[in-house]
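Enquirer: Structure: structure01.cif, mmCIF, C-alpha atoms.
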```cif
data_model
loop_
_atom_site.label_atom_id
_atom_site.label_comp_id
_atom_site.auth_asym_id
_atom_site.auth_seq_id
_atom_site.Cartn_x
_atom_site.Cartn_y
_atom_site.Cartn_z
CA MET A 18 43.31 27.71 -77.92
CA ARG A 19 40.35 30.03 -78.31
CA THR A 20 39.86 32.63 -75.61
CA LYS A 21 36.61 34.08 -74.39
CA MET A 22 35.04 36.83 -76.44
CA SER A 23 35.90 40.29 -75.18
CA PRO A 24 33.02 42.44 -73.93
CA ARG A 25 33.56 44.93 -76.77
CA ARG A 26 33.42 42.19 -79.41
CA ALA A 27 30.33 40.66 -77.78
CA LEU A 28 28.60 44.05 -77.85
CA LEU A 29 29.54 44.58 -81.51
CA THR A 30 28.31 41.11 -82.47
CA SER A 31 24.99 41.53 -80.68
CA ALA A 32 24.50 44.98 -82.21
CA ILE A 33 25.13 43.64 -85.72
CA MET A 34 22.70 40.78 -85.16
CA ALA A 35 20.01 43.08 -83.78
CA VAL A 36 20.32 46.10 -86.06
CA THR A 37 20.25 44.35 -89.44
CA PRO A 38 16.88 42.58 -89.09
CA THR A 39 15.36 45.64 -87.43
CA LEU A 40 16.37 47.93 -90.28
CA LEU A 41 15.23 45.40 -92.88
CA PHE A 42 11.87 45.01 -91.14
CA ILE A 43 11.35 48.78 -90.92
CA THR A 44 12.24 49.42 -94.55
CA CYS A 45 10.79 46.33 -96.25
CA SER A 46 7.88 45.13 -94.11
CA GLU A 47 5.27 45.99 -96.76
CA ARG A 48 7.06 44.19 -99.60
CA PHE A 49 8.43 41.05 -97.90
CA SER A 50 7.20 38.59 -95.30
CA ALA A 51 8.81 38.26 -91.88
CA PHE A 52 10.33 34.96 -93.00
CA GLY A 53 11.93 36.62 -96.04
CA ILE A 54 13.36 39.37 -93.85
CA LEU A 55 14.77 36.75 -91.47
CA ILE A 56 16.47 34.92 -94.34
CA ALA A 57 17.86 38.18 -95.77
CA SER A 58 19.25 39.28 -92.40
CA THR A 59 20.88 35.88 -91.93
CA LEU A 60 22.51 36.12 -95.36
CA ILE A 61 23.79 39.60 -94.50
CA ASN A 62 24.96 38.78 -90.96
CA TRP A 63 26.72 35.50 -91.80
CA PRO A 64 29.73 36.93 -93.71
CA VAL A 65 30.11 39.84 -91.29
CA LEU A 66 30.19 37.59 -88.24
CA ARG A 67 32.55 35.16 -89.98
CA LEU A 68 34.89 38.06 -90.76
CA LEU A 69 34.92 39.18 -87.13
CA ASP A 70 35.51 35.62 -85.91
CA ASP A 71 38.30 34.99 -88.43
CA ARG A 72 40.07 38.20 -87.40
CA GLN A 73 39.98 37.15 -83.74
CA TRP A 74 41.21 33.65 -84.61
CA TYR A 75 44.09 35.08 -86.67
CA ARG A 76 45.19 37.43 -83.87
CA GLU A 77 45.23 34.55 -81.38
CA TRP A 78 47.15 32.34 -83.82
CA VAL A 79 49.80 35.02 -84.44
CA LYS A 80 50.14 35.63 -80.71
CA GLU A 81 50.61 31.90 -80.08
CA GLU A 82 53.14 31.50 -82.90
CA SER A 83 55.28 34.36 -81.62
CA LYS A 84 55.78 32.70 -78.22
#
```
Written as structure tokens, how would this file's structure read?

Expert:
Amino acid sequence: MRTKMSPRRALLTSAIMAVTPTLLFITCSERFSAFGILIASTLINWPVLRLLDDRQWYREWVKEESK
């Protein structure tokens, strides 16, 4: 069973999702459109967020198996 996201993990996730597009927009706004920056930030954020989610899922699975 999945538990609620911890406050620390929620803060980390929101920071990752906010910082990446902001940095891309600041550095590449002259060369790319806003839509291109949105797509690039999604492609960058997707694997990072999946990694964080998979790590949490694995920890919960190990904890449940050891009971």

Enquirer: Could you tell me how far CA of Gly53 (chain A) lies from CA of Val65 (chain A), in Å and to one decimal?

Expert: 19.1 Å

Enquirer: With all atoms listed in the file as the counted atoms, please give the residues lying no more than 10 Å from Ile33 (chain A), apart from itself and same-chain residues fewer than 3 positions off, as a ChimeraX atom specification.

Expert: /A:27-30,36-38,58,61-62,65-66

Enquirer: Just to be explicit: take each residue in the selection above, keep C-alpha atoms, and write the result as a PDB file, keeping the file's coordinate frame.

Expert:
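Writing done, so here's selection.pdb:
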```pdb
ATOM      1  CA  ALA A  27      30.330  40.660 -77.780  1.00  0.00           C
ATOM      2  CA  LEU A  28      28.600  44.050 -77.850  1.00  0.00           C
ATOM      3  CA  LEU A  29      29.540  44.580 -81.510  1.00  0.00           C
ATOM      4  CA  THR A  30      28.310  41.110 -82.470  1.00  0.00           C
ATOM      5  CA  VAL A  36      20.320  46.100 -86.060  1.00  0.00           C
ATOM      6  CA  THR A  37      20.250  44.350 -89.440  1.00  0.00           C
ATOM      7  CA  PRO A  38      16.880  42.580 -89.090  1.00  0.00           C
ATOM      8  CA  SER A  58      19.250  39.280 -92.400  1.00  0.00           C
ATOM      9  CA  ILE A  61      23.790  39.600 -94.500  1.00  0.00           C
ATOM     10  CA  ASN A  62      24.960  38.780 -90.960  1.00  0.00           C
ATOM     11  CA  VAL A  65      30.110  39.840 -91.290  1.00  0.00           C
ATOM     12  CA  LEU A  66      30.190  37.590 -88.240  1.00  0.00           C
TER      13      LEU A  66
END
```

Enquirer: To one decimal place, how far is CA of Ser46 (chain A) from CA of Leu68 (chain A) in Å?

Expert: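 Going from CA of Ser46 (chain A) over to CA of Leu68 (chain A) covers 28.1 Å.
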
Enquirer: Which is closest to Leu40 (chain A) among A:Phe52, A:Ala57, A:Arg26, A:Val79, if we use all atoms listed in the file?

Expert: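 Between A:Phe52, A:Ala57, A:Arg26, A:Val79, the residue approaching Leu40 (chain A) most closely is A:Ala57.
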
Enquirer: Grab the CA of Met34 (chain A) to CA of Ile54 (chain A) distance for me, in Å with one decimal place.

Expert: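 Straight-line distance from CA of Met34 (chain A) to CA of Ile54 (chain A) works out to 12.8 Å.
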
Enquirer: Can you tell me, as a PyMOL selection string, what residues are no more than 12 Å from Gln73 (chain A) when counting only C-alpha atoms, ignoring any on the same chain fewer than 2 positions away?

Expert: chain A and resi 18-23+26-27+66-71+75-80

Enquirer: Using the atoms already present, construct N, CA and C atoms for region 22-50 of chain A and hand them back as a PDB file, keeping the file's coordinate frame.

Expert:
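Saved to rebuild-v9.pdb:
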```pdb
ATOM      1  N   MET A  22      35.284  35.625 -75.659  1.00  0.00           N
ATOM      2  CA  MET A  22      35.040  36.830 -76.440  1.00  0.00           C
ATOM      3  C   MET A  22      35.119  38.044 -75.522  1.00  0.00           C
ATOM      4  N   SER A  23      35.778  39.075 -75.984  1.00  0.00           N
ATOM      5  CA  SER A  23      35.900  40.290 -75.180  1.00  0.00           C
ATOM      6  C   SER A  23      34.531  40.973 -75.102  1.00  0.00           C
ATOM      7  N   PRO A  24      34.302  41.756 -74.052  1.00  0.00           N
ATOM      8  CA  PRO A  24      33.020  42.440 -73.930  1.00  0.00           C
ATOM      9  C   PRO A  24      32.727  43.375 -75.108  1.00  0.00           C
ATOM     10  N   ARG A  25      33.753  44.030 -75.633  1.00  0.00           N
ATOM     11  CA  ARG A  25      33.560  44.930 -76.770  1.00  0.00           C
ATOM     12  C   ARG A  25      33.131  44.153 -78.012  1.00  0.00           C
ATOM     13  N   ARG A  26      33.766  43.007 -78.263  1.00  0.00           N
ATOM     14  CA  ARG A  26      33.420  42.190 -79.410  1.00  0.00           C
ATOM     15  C   ARG A  26      32.014  41.584 -79.248  1.00  0.00           C
ATOM     16  N   ALA A  27      31.670  41.200 -78.029  1.00  0.00           N
ATOM     17  CA  ALA A  27      30.330  40.660 -77.780  1.00  0.00           C
ATOM     18  C   ALA A  27      29.267  41.731 -78.027  1.00  0.00           C
ATOM     19  N   LEU A  28      29.536  42.955 -77.621  1.00  0.00           N
ATOM     20  CA  LEU A  28      28.600  44.050 -77.850  1.00  0.00           C
ATOM     21  C   LEU A  28      28.460  44.333 -79.350  1.00  0.00           C
ATOM     22  N   LEU A  29      29.568  44.349 -80.062  1.00  0.00           N
ATOM     23  CA  LEU A  29      29.540  44.580 -81.510  1.00  0.00           C
ATOM     24  C   LEU A  29      28.768  43.472 -82.226  1.00  0.00           C
ATOM     25  N   THR A  30      29.006  42.241 -81.842  1.00  0.00           N
ATOM     26  CA  THR A  30      28.310  41.110 -82.470  1.00  0.00           C
ATOM     27  C   THR A  30      26.815  41.180 -82.206  1.00  0.00           C
ATOM     28  N   SER A  31      26.424  41.454 -80.983  1.00  0.00           N
ATOM     29  CA  SER A  31      24.990  41.530 -80.680  1.00  0.00           C
ATOM     30  C   SER A  31      24.338  42.721 -81.374  1.00  0.00           C
ATOM     31  N   ALA A  32      25.062  43.819 -81.502  1.00  0.00           N
ATOM     32  CA  ALA A  32      24.500  44.980 -82.210  1.00  0.00           C
ATOM     33  C   ALA A  32      24.302  44.669 -83.683  1.00  0.00           C
ATOM     34  N   ILE A  33      25.265  44.016 -84.311  1.00  0.00           N
ATOM     35  CA  ILE A  33      25.130  43.640 -85.720  1.00  0.00           C
ATOM     36  C   ILE A  33      23.933  42.717 -85.907  1.00  0.00           C
ATOM     37  N   MET A  34      23.790  41.751 -85.018  1.00  0.00           N
ATOM     38  CA  MET A  34      22.700  40.780 -85.160  1.00  0.00           C
ATOM     39  C   MET A  34      21.339  41.393 -84.869  1.00  0.00           C
ATOM     40  N   ALA A  35      21.284  42.459 -84.100  1.00  0.00           N
ATOM     41  CA  ALA A  35      20.010  43.080 -83.780  1.00  0.00           C
ATOM     42  C   ALA A  35      19.628  44.187 -84.757  1.00  0.00           C
ATOM     43  N   VAL A  36      20.605  44.946 -85.217  1.00  0.00           N
ATOM     44  CA  VAL A  36      20.320  46.100 -86.060  1.00  0.00           C
ATOM     45  C   VAL A  36      19.885  45.701 -87.471  1.00  0.00           C
ATOM     46  N   THR A  37      20.550  44.731 -88.052  1.00  0.00           N
ATOM     47  CA  THR A  37      20.250  44.350 -89.440  1.00  0.00           C
ATOM     48  C   THR A  37      18.802  43.919 -89.633  1.00  0.00           C
ATOM     49  N   PRO A  38      18.283  42.949 -88.859  1.00  0.00           N
ATOM     50  CA  PRO A  38      16.880  42.580 -89.090  1.00  0.00           C
ATOM     51  C   PRO A  38      15.903  43.703 -88.756  1.00  0.00           C
ATOM     52  N   THR A  39      16.247  44.522 -87.773  1.00  0.00           N
ATOM     53  CA  THR A  39      15.360  45.640 -87.430  1.00  0.00           C
ATOM     54  C   THR A  39      15.264  46.629 -88.574  1.00  0.00           C
ATOM     55  N   LEU A  40      16.393  47.000 -89.140  1.00  0.00           N
ATOM     56  CA  LEU A  40      16.370  47.930 -90.280  1.00  0.00           C
ATOM     57  C   LEU A  40      15.658  47.324 -91.490  1.00  0.00           C
ATOM     58  N   LEU A  41      15.914  46.048 -91.759  1.00  0.00           N
ATOM     59  CA  LEU A  41      15.230  45.400 -92.880  1.00  0.00           C
ATOM     60  C   LEU A  41      13.719  45.361 -92.656  1.00  0.00           C
ATOM     61  N   PHE A  42      13.298  45.078 -91.429  1.00  0.00           N
ATOM     62  CA  PHE A  42      11.870  45.010 -91.140  1.00  0.00           C
ATOM     63  C   PHE A  42      11.218  46.382 -91.295  1.00  0.00           C
ATOM     64  N   ILE A  43      11.898  47.419 -90.825  1.00  0.00           N
ATOM     65  CA  ILE A  43      11.350  48.780 -90.920  1.00  0.00           C
ATOM     66  C   ILE A  43      11.220  49.214 -92.376  1.00  0.00           C
ATOM     67  N   THR A  44      12.242  48.928 -93.171  1.00  0.00           N
ATOM     68  CA  THR A  44      12.240  49.420 -94.550  1.00  0.00           C
ATOM     69  C   THR A  44      11.472  48.538 -95.522  1.00  0.00           C
ATOM     70  N   CYS A  45      11.359  47.251 -95.252  1.00  0.00           N
ATOM     71  CA  CYS A  45      10.790  46.330 -96.250  1.00  0.00           C
ATOM     72  C   CYS A  45       9.590  45.538 -95.750  1.00  0.00           C
ATOM     73  N   SER A  46       8.961  45.945 -94.668  1.00  0.00           N
ATOM     74  CA  SER A  46       7.880  45.130 -94.110  1.00  0.00           C
ATOM     75  C   SER A  46       6.662  45.048 -95.020  1.00  0.00           C
ATOM     76  N   GLU A  47       6.433  46.046 -95.872  1.00  0.00           N
ATOM     77  CA  GLU A  47       5.270  45.990 -96.760  1.00  0.00           C
ATOM     78  C   GLU A  47       5.517  45.056 -97.945  1.00  0.00           C
ATOM     79  N   ARG A  48       6.766  44.956 -98.382  1.00  0.00           N
ATOM     80  CA  ARG A  48       7.060  44.190 -99.600  1.00  0.00           C
ATOM     81  C   ARG A  48       7.379  42.724 -99.323  1.00  0.00           C
ATOM     82  N   PHE A  49       7.974  42.416 -98.180  1.00  0.00           N
ATOM     83  CA  PHE A  49       8.430  41.050 -97.900  1.00  0.00           C
ATOM     84  C   PHE A  49       7.798  40.527 -96.623  1.00  0.00           C
ATOM     85  N   SER A  50       7.722  39.200 -96.514  1.00  0.00           N
ATOM     86  CA  SER A  50       7.200  38.590 -95.300  1.00  0.00           C
ATOM     87  C   SER A  50       8.266  38.602 -94.206  1.00  0.00           C
TER      88      SER A  50
END
```
